[in-house]
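Trainee: After the structure tokens below, expect a handful of questions from me.
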Amino acid sequence: MMETRKATIDHRWLGRVGYTEALALQEDQVAKRRAAEVLDTVFFLEHDPVYTIGKRPDQSSLGGHELPHPVVEISRGGQATYHGPGQLMVYPILDLRTYGQDLHRYLRALEDSVITACRAMGINARRREGLTGAWVENRKLASIGIGVKSWISLHGVGINISGDLAPFKQITPCGIQGVAMTSLEQELGANISVERAARTFWPHFEQALIRLRPAL
């Protein structure tokens, strides 16, 4: 298990968790954070195969055909994506009132954390104009979809570490036509466990979030 440091942001490696179970865990943590019963917390985990999409009238990114895995409609923004084994999910449950109360800056901070971590690993990740997430050239490595309840964040980032990317081909990932998905393993040509990736990414997420806090 990932060690937890005494700090204002807790973090936990949860292993492989079903999507609906993880969603219930987030909702419970949001309620506790709103009541000031827990610290800001970042959950790291991976899911059983599932497709998710934000609640919206246009769901054409699901492809309009039968999919090989369940579909869950959730409260984040954005179009359809896939989660499954080999993908690192990062769910920050934060009181954004202490991080500047700016959703755009929060989204950019999540992107920055992925990009800086990837660059530390030798991958030249970057943003793409007009698109969210982290990219390697024209290949998408990480997707971001956030939700907020009374300024407490939930949902977050999915980073492709290893595993089968074929399920993405059944949908239009994030509503982007013709997008190519990639993973850390493909870019580095080396085997990487999701838990090891979580340990590598955590300090970059922590620093990106700390930088959001207004100066005292």
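We label chains A, B, ... in the order they appear in the structure tokens, count residues from 1 in each chain, and number ligands from 1 in the order shown.
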With a cut-off of 12 Å, could you pull out the residues of segment 52-130 of chain A touching segment 35-38 of chain A and give me the nearest pair of atoms for each, distance in Å to one decimal, using only C-alpha atoms, ordered by chain and ascending number, as CSV?
Mentor:
residue,atom,partner,partner_atom,distance
A:Ile93,CA,A:Val38,CA,9.9
A:Leu94,CA,A:Val38,CA,10.0
A:Asp95,CA,A:Ala36,CA,9.3
Trainee: Got a sec: who's within 9 Å of Ala109 of chain A, counting only C-alpha atoms, leaving out chain neighbours fewer than 2 positions off, as a PyMOL selection string?
Mentor: chain A and resi 104-107+111-114+205+208-209+211-212
Trainee: Write down as number ranges by chain the residues belonging to segment 16-204 of chain A that are assigned strand (DSSP E or B) by DSSP computed on the backbone.
Mentor: A: 16, 40-46, 50-54, 71-74, 81-83, 87-93, 95, 126-128, 131-136, 139-149, 152-160, 180-181
Trainee: Atom CA of Gly145 of chain A and atom CA of Met89 of chain A are how many Å apart?
Mentor: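 Value for the atom CA of Gly145 of chain A-atom CA of Met89 of chain A distance: 11.0 Å.
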Trainee: Suppose you want the space between atom CA of Ala180 of chain A and atom CA of Val72 of chain A; what is it in Å?
Mentor: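 That distance, rounded to one decimal, is 22.8 Å.
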